[in-house]
2 protein chains.
Amino acid sequence: MATINDVALKAGVSVTTVSRVLNNRGYISEATRKKVYETMEELGYQPNEIARSLLRKQSHIIGLIIPSVSHPFFSELARHVEYYAYQYGFKVLLCNSHLDPGKEKVYTEMLRRNRVDGIIMGSHTLEVDEYRNVHSPIVTIDRKIDDEIPFISSENYRGGELATELLVSKGCRKIAHICGNLELNLLANQRSDAFRDVVTKHGVEHVIIQTDMNVFDQEQYERIIRRLLEEHPNVDGIFATSDIIAAFAVKECMKAGKTIPRDVRIIGYDDVNAASWLTPELTSIKQPIEEIGRLAVELIRKQLEGEPFETENLLPVELVERQTT
Amino acid sequence: MATINDVALKAGVSVTTVSRVLNNRGYISEATRKKVYETMEELGYQPNEIARSLLRKQSHIIGLIIPSVSHPFFSELARHVEYYAYQYGFKVLLCNSHLDPGKEKVYTEMLRRNRVDGIIMGSHTLEVDEYRNVHSPIVTIDRKIDDEIPFISSENYRGGELATELLVSKGCRKIAHICGNLELNLLANQRSDAFRDVVTKHGVEHVIIQTDMNVFDQEQYERIIRRLLEEHPNVDGIFATSDIIAAFAVKECMKAGKTIPRDVRIIGYDDVNAASWLTPELTSIKQPIEEIGRLAVELIRKQLEGEPFETENLLPVELVERQTT
DNA sequence: GATTATATGTCAATCGTTTATCATATGTCA
DNA sequence: TGACATATGATAAACGATTGACATATAATC
């Protein structure tokens, strides 16, 4: 593979000159500039970014740690992160933690060894101290670590409120709430707080069920929901904490011979694309996934450039009513 | 950030010794090894992989270029690629081309500048020559470039056959086939060849409709299918070339008051996770996505290590019959 | 004719690591 | 005693670029 030396040699100029052309600094005549570009073309020369990174102490790489790209929410998030990263001149290193603390730790170390410019953390099984040990700019999605590390989240409490209020206002008398693991210190848990509050306020009967949030075990979802319907056959409203869970709820309800939304009203969360692929189309609480992705990259950039930035970033959510309520 | 020099200084040994510990070569006493490890721990030292990459001329990074991670097929593929890459000690750089030839070109150049060890190409808008210019190991998904570059695909013709035969055997009299852009030189187009052959063989009436394969324009799908149902109200079988398209077909058919599978039978392709989230669950042709991902990484590895490898890799497909047929 | 802007070159240091070479110990074994 | 194995160090080159300092040459400008 051609080096800057080869280019200089072949073009009959010095490496300094080639470097000047490459980086647009100092005086360069149009003639040599052209000559150099031609030679680079002929040799198929591409500057070695690794050498540049070493010198500049900037890799222009952002590490993205998420539970799994195959979860619709994170796959959409990853797409937007990649899109905006690219706009700002960053590349994205993809890491799926599968919510395994060991893997998550190893990934943060790997990213550190590779001197990434920043890390976007969407998976949270680590202890607070371990985040501080990372030493490079971090942005956290849906979890507040401390007052230093910026995080992005949407109005989870508001979302839970909107969802629950909707079910109540539609006349549901017994509402089930299916959420992720409440042990994990996630801001998403505020949705469940809101659920509890609203349902209590209106004196509506309710059930809360926790899952592992593990998309790969789809059978777990089926099992949990089937059990819910068996133990509480009179449930007439379900608020699921993700659209995927909601989709399974729809499926199991229909299997049980219930008509949606007549017998059971169901609302999901996130409003991923898949929510509108379903029949009936899923009512959901929309998170601004694109904006979350954009902001995450933006916050890394601001930290790098020493610009001031907000630590708390709460984005608005929105009720999208479709056919399941 | 601590360097190997800092470690050596603090541990009271030479850099050579630290390097020997780090790379497990030469003689090292247990005592110094321990001392060095402790010092690294204290300093939070992580070796600079950029410097290593420069010297070793190996970045241990694989570039993954796909149309979009938010398309379920590619999001699952990306997850498996990342998983196996990690097993082999590679990292994954994510690139979404959005099927834009310009972006795809720029991405291959970027990956080249970053000296990635290999590229997995799942997006194919480039000319054959441009693949050859990449110079690093490539694996292509679903497209054959030439006799040199290895590609992975599944038995597309067989898949098309299975799908079409199923619809015919269920008694469909007029079958629609919705496929991607047949201009792109993709092996997936063989599904359409099979469709044509089977349908002709049985003398069954049929329609073929092309789409842009652009997931982000979901309205396009809706429009296309709505038009199909208007212009050919007597269609009683639909073979879609992706599960997403099939999901929209299900939705539009139900909107048109048709019962599935009584009035219209629908079969998708890929068998992504989402296929079983739907109600009714989608019949589909299953591609071995995990194996495709595994093999892709494996083929990069083999090229790097100079091991012999197969150029043509055709993996088996499987009919998964569910509720839409 | 002196000054200045433009254009290019040489040289060497630097980024953080690895590794080869050579040197220098000490300890062990025949 | 000599030959080896073990353990560590000093030194320098290399990976591929960038950059500052300094030199030199031509052309344009006052």
# chains A, B, ... in the order shown; residues from 1 in each chain; ligands from 1

$ interface_residues --of "chain B" --to "chain C" --cutoff "12 Å" --atoms "only C-alpha atoms (C1' of nucleotides)" --output "ChimeraX atom specification"
/B:1-6,15-20,22-23,25-26,46-57

$ residues_around --residues "B:Phe74" --least-positions-apart "2" --cutoff "12 Å" --atoms "only C-alpha atoms (C1' of nucleotides)" --output "ChimeraX atom specification"
/A:69-72,75-76,79 /B:64-72,76-82,94-98,120-123,141,215,242,270,272-273,287,289-290,292-293

$ interface_residues --of "chain D" --to "chain B" --cutoff "10 Å" --atoms "only C-alpha atoms (C1' of nucleotides)" --output "list of chain:residue names"
D:DA5, D:DT6, D:DA7, D:DT8, D:DG9, D:DA10, D:DA14, D:DC15, D:DG16

$ select_by_dssp --residues "stretch 163-261 of chain A" --states "alpha helix (DSSP H)" --output "PyMOL selection string"
chain A and resi 163-169+189-201+218-231+243-255

$ write_last_selection --atoms "N, CA and C atoms" --output "compact mmCIF listing (two decimals), in the first residue's frame"
# COMPACT_ATOMS: atom_id res chain seq x y z
N ALA A 163 -49.81 7.02 28.73
CA ALA A 163 -50.26 5.68 28.38
C ALA A 163 -51.36 5.21 29.34
N THR A 164 -51.09 5.37 30.62
CA THR A 164 -52.03 4.86 31.61
C THR A 164 -53.34 5.66 31.58
N GLU A 165 -53.19 6.99 31.49
CA GLU A 165 -54.38 7.84 31.43
C GLU A 165 -55.26 7.44 30.24
N LEU A 166 -54.61 7.14 29.13
CA LEU A 166 -55.37 6.77 27.95
C LEU A 166 -56.23 5.53 28.22
N LEU A 167 -55.59 4.53 28.81
CA LEU A 167 -56.31 3.29 29.08
C LEU A 167 -57.47 3.54 30.05
N VAL A 168 -57.16 4.33 31.09
CA VAL A 168 -58.20 4.63 32.07
C VAL A 168 -59.36 5.38 31.41
N SER A 169 -58.99 6.37 30.60
CA SER A 169 -60.04 7.19 29.99
C SER A 169 -60.89 6.39 29.01
N ASN A 189 -37.70 3.27 34.25
CA ASN A 189 -38.53 2.78 35.35
C ASN A 189 -39.56 3.81 35.82
N GLN A 190 -39.30 5.07 35.48
CA GLN A 190 -40.26 6.11 35.86
C GLN A 190 -41.61 5.90 35.18
N ARG A 191 -41.56 5.18 34.05
CA ARG A 191 -42.83 4.87 33.39
C ARG A 191 -43.70 4.04 34.35
N SER A 192 -43.04 3.14 35.05
CA SER A 192 -43.76 2.27 35.97
C SER A 192 -44.26 3.05 37.18
N ASP A 193 -43.44 4.03 37.62
CA ASP A 193 -43.88 4.89 38.72
C ASP A 193 -45.16 5.60 38.31
N ALA A 194 -45.14 6.16 37.11
CA ALA A 194 -46.30 6.88 36.61
C ALA A 194 -47.51 5.96 36.55
N PHE A 195 -47.27 4.75 36.06
CA PHE A 195 -48.36 3.78 35.98
C PHE A 195 -49.01 3.60 37.34
N ARG A 196 -48.17 3.33 38.33
CA ARG A 196 -48.66 3.10 39.68
C ARG A 196 -49.46 4.31 40.17
N ASP A 197 -48.90 5.49 39.96
CA ASP A 197 -49.55 6.70 40.44
C ASP A 197 -50.92 6.91 39.81
N VAL A 198 -50.96 6.82 38.50
CA VAL A 198 -52.20 7.09 37.78
C VAL A 198 -53.29 6.10 38.15
N VAL A 199 -52.89 4.85 38.18
CA VAL A 199 -53.83 3.78 38.44
C VAL A 199 -54.37 3.88 39.87
N THR A 200 -53.47 4.29 40.78
CA THR A 200 -53.89 4.47 42.17
C THR A 200 -54.84 5.66 42.29
N LYS A 201 -54.46 6.74 41.62
CA LYS A 201 -55.27 7.95 41.65
C LYS A 201 -56.71 7.66 41.25
N GLN A 218 -37.88 -14.76 23.06
CA GLN A 218 -39.24 -14.37 22.76
C GLN A 218 -40.25 -15.25 23.47
N GLU A 219 -39.82 -16.49 23.72
CA GLU A 219 -40.75 -17.41 24.39
C GLU A 219 -41.08 -16.93 25.79
N GLN A 220 -40.09 -16.26 26.40
CA GLN A 220 -40.33 -15.73 27.73
C GLN A 220 -41.53 -14.78 27.71
N TYR A 221 -41.54 -13.90 26.69
CA TYR A 221 -42.64 -12.96 26.57
C TYR A 221 -43.97 -13.70 26.45
N GLU A 222 -43.98 -14.69 25.56
CA GLU A 222 -45.22 -15.44 25.35
C GLU A 222 -45.69 -16.08 26.65
N ARG A 223 -44.74 -16.67 27.33
CA ARG A 223 -45.07 -17.38 28.57
C ARG A 223 -45.65 -16.41 29.60
N ILE A 224 -44.96 -15.31 29.76
CA ILE A 224 -45.38 -14.33 30.76
C ILE A 224 -46.78 -13.81 30.48
N ILE A 225 -47.03 -13.52 29.22
CA ILE A 225 -48.32 -12.94 28.87
C ILE A 225 -49.43 -13.99 28.97
N ARG A 226 -49.09 -15.19 28.56
CA ARG A 226 -50.09 -16.26 28.65
C ARG A 226 -50.50 -16.44 30.11
N ARG A 227 -49.47 -16.44 30.95
CA ARG A 227 -49.76 -16.61 32.38
C ARG A 227 -50.61 -15.45 32.90
N LEU A 228 -50.25 -14.27 32.48
CA LEU A 228 -51.02 -13.09 32.89
C LEU A 228 -52.49 -13.26 32.54
N LEU A 229 -52.74 -13.70 31.30
CA LEU A 229 -54.13 -13.83 30.85
C LEU A 229 -54.87 -14.96 31.59
N GLU A 230 -54.10 -15.97 31.97
CA GLU A 230 -54.72 -17.07 32.72
C GLU A 230 -55.09 -16.63 34.13
N GLU A 231 -54.11 -15.96 34.77
CA GLU A 231 -54.31 -15.59 36.17
C GLU A 231 -55.25 -14.40 36.33
N ASP A 243 -42.64 -1.83 22.41
CA ASP A 243 -43.59 -2.23 21.37
C ASP A 243 -43.53 -3.73 21.09
N ILE A 244 -42.36 -4.31 21.28
CA ILE A 244 -42.23 -5.74 21.02
C ILE A 244 -43.09 -6.53 22.00
N ILE A 245 -42.97 -6.15 23.28
CA ILE A 245 -43.79 -6.83 24.28
C ILE A 245 -45.27 -6.63 23.95
N ALA A 246 -45.60 -5.41 23.55
CA ALA A 246 -46.99 -5.12 23.19
C ALA A 246 -47.45 -6.01 22.04
N ALA A 247 -46.56 -6.21 21.07
CA ALA A 247 -46.92 -7.05 19.93
C ALA A 247 -47.26 -8.47 20.40
N PHE A 248 -46.47 -8.96 21.33
CA PHE A 248 -46.75 -10.29 21.86
C PHE A 248 -48.06 -10.30 22.65
N ALA A 249 -48.32 -9.21 23.32
CA ALA A 249 -49.56 -9.11 24.07
C ALA A 249 -50.75 -9.19 23.11
N VAL A 250 -50.63 -8.45 22.01
CA VAL A 250 -51.68 -8.48 21.00
C VAL A 250 -51.91 -9.93 20.54
N LYS A 251 -50.80 -10.58 20.25
CA LYS A 251 -50.88 -11.94 19.72
C LYS A 251 -51.55 -12.90 20.71
N GLU A 252 -51.10 -12.84 21.93
CA GLU A 252 -51.64 -13.76 22.92
C GLU A 252 -53.12 -13.47 23.23
N CYS A 253 -53.46 -12.20 23.24
CA CYS A 253 -54.86 -11.85 23.49
C CYS A 253 -55.74 -12.41 22.38
N MET A 254 -55.28 -12.27 21.16
CA MET A 254 -56.08 -12.77 20.05
C MET A 254 -56.17 -14.29 20.10
N LYS A 255 -55.05 -14.92 20.50
CA LYS A 255 -55.07 -16.37 20.65
C LYS A 255 -56.10 -16.79 21.68

$ residues_around --residues "A:Phe309" --least-positions-apart "6" --cutoff "9 Å" --atoms "only C-alpha atoms (C1' of nucleotides)" --output "NGL selection string"
:A and (150 or 299 or 302-303)

$ closest_residue --among "A:Lys34, A:Lys91, A:His60, A:Lys10" --to "chain B" --atoms "only C-alpha atoms"
A:Lys91

$ closest_residue --among "A:Ile208, A:His232, A:Val7, A:Ile260" --to "chain B" --atoms "only C-alpha atoms"
A:Ile260

$ residues_around --residues "B:Asn133" --least-positions-apart "6" --cutoff "12 Å" --atoms "only C-alpha atoms (C1' of nucleotides)" --output "list in words"
Met1, Glu41, Glu42, Leu43, Gly44, Tyr45 and Gln46 of chain A; Lys105, Thr108, Glu109, Arg112, Leu126, Glu127 and Ile149 of chain B

$ atom_distance --atom1 "atom CA of A:Asp263" --atom2 "atom CA of A:Phe239"
14.4 Å

$ atom_distance --atom1 "atom CA of A:Ala296" --atom2 "atom CA of A:Phe73"
14.9 Å

$ atom_distance --atom1 "atom CA of B:Asn234" --atom2 "atom CA of B:His202"
17.9 Å

$ select_by_dssp --residues "stretch 46-286 of chain B" --states "strand (DSSP E)" --output "ChimeraX atom specification"
/B:61-66,91-96,118-121,138-141,151-154,174-179,205-210,237-240,265-270,283-286

$ residues_around --residues "A:Thr283" --least-positions-apart "3" --cutoff "6 Å" --atoms "only C-alpha atoms (C1' of nucleotides)" --output "MDAnalysis selection string"
chainID A and resid 267 320:322 324

$ write_last_selection --atoms "N, CA and C atoms" --output "mmCIF file, in the first residue's frame"
data_model
loop_
_atom_site.group_PDB
_atom_site.id
_atom_site.type_symbol
_atom_site.label_atom_id
_atom_site.label_comp_id
_atom_site.auth_asym_id
_atom_site.auth_seq_id
_atom_site.Cartn_x
_atom_site.Cartn_y
_atom_site.Cartn_z
ATOM 1 N N ILE A 267 -51.339 -0.792 24.733
ATOM 2 C CA ILE A 267 -50.473 0.304 24.313
ATOM 3 C C ILE A 267 -49.023 -0.077 24.551
ATOM 4 N N VAL A 320 -49.143 8.309 20.338
ATOM 5 C CA VAL A 320 -49.560 8.054 18.961
ATOM 6 C C VAL A 320 -50.668 7.013 19.011
ATOM 7 N N GLU A 321 -51.869 7.479 18.839
ATOM 8 C CA GLU A 321 -52.970 6.540 18.994
ATOM 9 C C GLU A 321 -53.284 5.865 17.671
ATOM 10 N N ARG A 322 -53.322 4.542 17.709
ATOM 11 C CA ARG A 322 -53.639 3.792 16.504
ATOM 12 C C ARG A 322 -54.795 2.842 16.803
ATOM 13 N N THR A 324 -54.988 -0.245 18.495
ATOM 14 C CA THR A 324 -55.098 -1.206 19.596
ATOM 15 C C THR A 324 -55.705 -0.615 20.862
#

$ decode --residues "stretch 3-15 of chain C" --atoms "all heavy atoms" --output "short mmCIF file (atom, residue, chain, number, x, y, z; two decimals), in the first residue's frame"
data_model
loop_
_atom_site.label_atom_id
_atom_site.label_comp_id
_atom_site.auth_asym_id
_atom_site.auth_seq_id
_atom_site.Cartn_x
_atom_site.Cartn_y
_atom_site.Cartn_z
P DT C 3 15.60 46.17 2.38
OP1 DT C 3 15.60 46.98 3.62
OP2 DT C 3 16.50 45.01 2.26
"O5'" DT C 3 14.11 45.72 2.10
"C5'" DT C 3 13.11 46.72 1.80
"C4'" DT C 3 11.80 46.02 1.47
"O4'" DT C 3 11.83 45.48 0.12
"C3'" DT C 3 11.43 44.86 2.40
"O3'" DT C 3 10.11 45.08 2.90
"C2'" DT C 3 11.52 43.63 1.51
"C1'" DT C 3 11.22 44.21 0.13
N1 DT C 3 11.77 43.44 -1.04
C2 DT C 3 10.95 43.16 -2.10
O2 DT C 3 9.79 43.49 -2.15
N3 DT C 3 11.55 42.47 -3.13
C4 DT C 3 12.88 42.04 -3.19
O4 DT C 3 13.30 41.44 -4.16
C5 DT C 3 13.68 42.37 -2.02
C7 DT C 3 15.11 41.94 -1.98
C6 DT C 3 13.10 43.04 -1.00
P DT C 4 9.52 44.18 4.05
OP1 DT C 4 8.71 45.06 4.93
OP2 DT C 4 10.61 43.35 4.60
"O5'" DT C 4 8.52 43.26 3.23
"C5'" DT C 4 7.62 43.86 2.29
"C4'" DT C 4 6.99 42.77 1.44
"O4'" DT C 4 7.91 42.31 0.42
"C3'" DT C 4 6.55 41.53 2.22
"O3'" DT C 4 5.19 41.27 1.91
"C2'" DT C 4 7.46 40.42 1.69
"C1'" DT C 4 7.77 40.92 0.29
N1 DT C 4 9.02 40.40 -0.32
C2 DT C 4 8.98 39.97 -1.63
O2 DT C 4 7.99 40.00 -2.32
N3 DT C 4 10.19 39.50 -2.12
C4 DT C 4 11.40 39.42 -1.43
O4 DT C 4 12.40 39.00 -1.97
C5 DT C 4 11.35 39.88 -0.07
C7 DT C 4 12.60 39.84 0.76
C6 DT C 4 10.18 40.34 0.43
P DA C 5 4.30 40.30 2.77
OP1 DA C 5 3.13 41.03 3.31
OP2 DA C 5 5.17 39.52 3.68
"O5'" DA C 5 3.79 39.33 1.61
"C5'" DA C 5 3.25 39.90 0.42
"C4'" DA C 5 3.21 38.84 -0.65
"O4'" DA C 5 4.56 38.57 -1.12
"C3'" DA C 5 2.64 37.49 -0.20
"O3'" DA C 5 1.73 37.05 -1.21
"C2'" DA C 5 3.85 36.58 -0.08
"C1'" DA C 5 4.78 37.17 -1.14
N9 DA C 5 6.21 36.96 -0.85
C8 DA C 5 6.88 37.25 0.31
N7 DA C 5 8.16 36.98 0.26
C5 DA C 5 8.35 36.48 -1.03
C6 DA C 5 9.49 36.02 -1.71
N6 DA C 5 10.71 35.99 -1.16
N1 DA C 5 9.33 35.60 -2.99
C2 DA C 5 8.11 35.65 -3.54
N3 DA C 5 6.95 36.07 -2.99
C4 DA C 5 7.15 36.48 -1.73
P DT C 6 0.93 35.65 -1.09
OP1 DT C 6 -0.32 35.80 -1.85
OP2 DT C 6 0.91 35.23 0.33
"O5'" DT C 6 1.87 34.66 -1.90
"C5'" DT C 6 2.08 34.91 -3.29
"C4'" DT C 6 3.02 33.88 -3.84
"O4'" DT C 6 4.33 34.03 -3.24
"C3'" DT C 6 2.61 32.42 -3.60
"O3'" DT C 6 2.53 31.79 -4.85
"C2'" DT C 6 3.72 31.86 -2.71
"C1'" DT C 6 4.90 32.75 -3.10
N1 DT C 6 6.01 32.87 -2.13
C2 DT C 6 7.28 32.55 -2.54
O2 DT C 6 7.54 32.16 -3.67
N3 DT C 6 8.26 32.70 -1.59
C4 DT C 6 8.10 33.14 -0.28
O4 DT C 6 9.05 33.22 0.48
C5 DT C 6 6.73 33.46 0.09
C7 DT C 6 6.45 33.92 1.46
C6 DT C 6 5.76 33.31 -0.84
P DA C 7 1.97 30.26 -4.98
OP1 DA C 7 1.49 30.08 -6.36
OP2 DA C 7 1.08 29.97 -3.83
"O5'" DA C 7 3.31 29.43 -4.80
"C5'" DA C 7 4.29 29.51 -5.83
"C4'" DA C 7 5.43 28.60 -5.47
"O4'" DA C 7 6.21 29.19 -4.40
"C3'" DA C 7 5.02 27.20 -4.97
"O3'" DA C 7 5.52 26.26 -5.90
"C2'" DA C 7 5.66 27.09 -3.60
"C1'" DA C 7 6.76 28.13 -3.65
N9 DA C 7 7.17 28.70 -2.36
C8 DA C 7 6.38 29.26 -1.39
N7 DA C 7 7.04 29.72 -0.36
C5 DA C 7 8.37 29.42 -0.66
C6 DA C 7 9.57 29.64 0.04
N6 DA C 7 9.63 30.23 1.23
N1 DA C 7 10.72 29.23 -0.55
C2 DA C 7 10.64 28.64 -1.75
N3 DA C 7 9.57 28.38 -2.51
C4 DA C 7 8.46 28.81 -1.90
P DT C 8 5.15 24.70 -5.73
OP1 DT C 8 5.31 24.09 -7.06
OP2 DT C 8 3.89 24.54 -4.99
"O5'" DT C 8 6.33 24.21 -4.81
"C5'" DT C 8 7.55 23.87 -5.43
"C4'" DT C 8 8.62 23.71 -4.40
"O4'" DT C 8 8.54 24.75 -3.40
"C3'" DT C 8 8.57 22.44 -3.56
"O3'" DT C 8 9.33 21.43 -4.21
"C2'" DT C 8 9.21 22.86 -2.23
"C1'" DT C 8 9.42 24.36 -2.39
N1 DT C 8 9.17 25.13 -1.15
C2 DT C 8 10.26 25.53 -0.41
O2 DT C 8 11.40 25.28 -0.73
N3 DT C 8 9.97 26.22 0.73
C4 DT C 8 8.70 26.56 1.18
O4 DT C 8 8.57 27.20 2.22
C5 DT C 8 7.61 26.11 0.38
C7 DT C 8 6.20 26.42 0.78
C6 DT C 8 7.89 25.41 -0.76
P DG C 9 9.59 20.02 -3.55
OP1 DG C 9 10.02 19.08 -4.60
OP2 DG C 9 8.43 19.70 -2.68
"O5'" DG C 9 10.84 20.34 -2.62
"C5'" DG C 9 12.00 20.93 -3.21
"C4'" DG C 9 13.09 21.00 -2.17
"O4'" DG C 9 12.78 22.10 -1.26
"C3'" DG C 9 13.17 19.74 -1.31
"O3'" DG C 9 14.46 19.17 -1.35
"C2'" DG C 9 12.81 20.19 0.09
"C1'" DG C 9 13.00 21.69 0.07
N9 DG C 9 12.03 22.35 0.92
C8 DG C 9 10.66 22.42 0.74
N7 DG C 9 10.05 23.08 1.68
C5 DG C 9 11.06 23.46 2.55
C6 DG C 9 11.00 24.21 3.75
O6 DG C 9 10.02 24.67 4.32
N1 DG C 9 12.26 24.37 4.31
C2 DG C 9 13.43 23.89 3.77
N2 DG C 9 14.54 24.15 4.46
N3 DG C 9 13.50 23.21 2.64
C4 DG C 9 12.29 23.02 2.08
P DT C 10 14.69 17.72 -0.72
OP1 DT C 10 15.48 16.93 -1.68
OP2 DT C 10 13.40 17.20 -0.23
"O5'" DT C 10 15.57 18.04 0.56
"C5'" DT C 10 16.36 19.23 0.62
"C4'" DT C 10 16.99 19.35 2.00
"O4'" DT C 10 16.18 20.22 2.83
"C3'" DT C 10 17.12 18.02 2.76
"O3'" DT C 10 18.37 18.01 3.44
"C2'" DT C 10 15.93 18.05 3.72
"C1'" DT C 10 15.82 19.55 4.02
N1 DT C 10 14.45 20.00 4.37
C2 DT C 10 14.26 20.79 5.49
O2 DT C 10 15.17 21.12 6.23
N3 DT C 10 12.97 21.17 5.71
C4 DT C 10 11.85 20.86 4.95
O4 DT C 10 10.73 21.28 5.24
C5 DT C 10 12.12 20.03 3.79
C7 DT C 10 10.99 19.64 2.90
C6 DT C 10 13.39 19.65 3.56
P DC C 11 18.87 16.65 4.15
OP1 DC C 11 20.36 16.70 4.11
OP2 DC C 11 18.15 15.47 3.62
"O5'" DC C 11 18.41 16.91 5.64
"C5'" DC C 11 18.58 18.21 6.19
"C4'" DC C 11 18.06 18.23 7.62
"O4'" DC C 11 16.70 18.71 7.63
"C3'" DC C 11 18.05 16.87 8.31
"O3'" DC C 11 18.71 17.00 9.55
"C2'" DC C 11 16.57 16.51 8.43
"C1'" DC C 11 15.93 17.90 8.49
N1 DC C 11 14.52 17.99 8.00
C2 DC C 11 13.61 18.79 8.69
O2 DC C 11 13.99 19.42 9.69
N3 DC C 11 12.32 18.88 8.24
C4 DC C 11 11.94 18.19 7.17
N4 DC C 11 10.67 18.32 6.77
C5 DC C 11 12.84 17.35 6.46
C6 DC C 11 14.12 17.28 6.90
P DA C 12 19.00 15.68 10.43
OP1 DA C 12 20.36 15.90 11.00
OP2 DA C 12 18.68 14.45 9.68
"O5'" DA C 12 17.95 15.89 11.59
"C5'" DA C 12 17.67 17.21 12.06
"C4'" DA C 12 16.53 17.15 13.04
"O4'" DA C 12 15.26 17.26 12.34
"C3'" DA C 12 16.45 15.84 13.82
"O3'" DA C 12 16.11 16.16 15.15
"C2'" DA C 12 15.35 15.06 13.12
"C1'" DA C 12 14.42 16.20 12.70
N9 DA C 12 13.56 15.91 11.55
C8 DA C 12 13.84 15.10 10.47
N7 DA C 12 12.87 15.04 9.60
C5 DA C 12 11.88 15.86 10.14
C6 DA C 12 10.60 16.21 9.70
N6 DA C 12 10.06 15.78 8.56
N1 DA C 12 9.89 17.06 10.48
C2 DA C 12 10.42 17.49 11.62
N3 DA C 12 11.63 17.23 12.14
C4 DA C 12 12.30 16.39 11.35
P DA C 13 16.16 15.05 16.29
OP1 DA C 13 17.24 15.43 17.21
OP2 DA C 13 16.12 13.71 15.66
"O5'" DA C 13 14.78 15.32 17.01
"C5'" DA C 13 14.31 16.66 17.13
"C4'" DA C 13 12.81 16.64 17.38
"O4'" DA C 13 12.13 16.42 16.12
"C3'" DA C 13 12.36 15.52 18.31
"O3'" DA C 13 11.46 16.07 19.26
"C2'" DA C 13 11.68 14.52 17.39
"C1'" DA C 13 11.16 15.41 16.28
N9 DA C 13 10.99 14.75 14.98
C8 DA C 13 11.86 13.90 14.35
N7 DA C 13 11.43 13.47 13.19
C5 DA C 13 10.19 14.08 13.05
C6 DA C 13 9.22 14.03 12.03
N6 DA C 13 9.37 13.31 10.92
N1 DA C 13 8.10 14.76 12.20
C2 DA C 13 7.97 15.48 13.32
N3 DA C 13 8.81 15.61 14.35
C4 DA C 13 9.91 14.87 14.15
P DT C 14 11.03 15.19 20.51
OP1 DT C 14 10.95 16.11 21.65
OP2 DT C 14 11.89 13.98 20.55
"O5'" DT C 14 9.55 14.72 20.14
"C5'" DT C 14 8.60 15.68 19.67
"C4'" DT C 14 7.38 14.92 19.17
"O4'" DT C 14 7.59 14.53 17.79
"C3'" DT C 14 7.10 13.63 19.94
"O3'" DT C 14 5.88 13.75 20.62
"C2'" DT C 14 7.07 12.55 18.88
"C1'" DT C 14 6.91 13.33 17.60
N1 DT C 14 7.49 12.68 16.40
C2 DT C 14 6.76 12.70 15.22
O2 DT C 14 5.69 13.25 15.12
N3 DT C 14 7.36 12.06 14.16
C4 DT C 14 8.57 11.40 14.18
O4 DT C 14 9.00 10.87 13.17
C5 DT C 14 9.28 11.41 15.43
C7 DT C 14 10.59 10.72 15.53
C6 DT C 14 8.71 12.04 16.47
P DC C 15 5.63 12.87 21.97
OP1 DC C 15 5.44 13.79 23.08
OP2 DC C 15 6.68 11.82 22.06
"O5'" DC C 15 4.27 12.12 21.66
"C5'" DC C 15 3.26 12.70 20.83
"C4'" DC C 15 2.50 11.59 20.14
"O4'" DC C 15 3.08 11.38 18.84
"C3'" DC C 15 2.65 10.25 20.84
"O3'" DC C 15 1.54 10.07 21.72
"C2'" DC C 15 2.64 9.22 19.69
"C1'" DC C 15 2.87 10.06 18.45
N1 DC C 15 4.06 9.66 17.63
C2 DC C 15 3.94 9.57 16.25
O2 DC C 15 2.85 9.81 15.72
N3 DC C 15 5.02 9.21 15.51
C4 DC C 15 6.18 8.97 16.12
N4 DC C 15 7.23 8.64 15.36
C5 DC C 15 6.33 9.05 17.53
C6 DC C 15 5.25 9.40 18.24
#
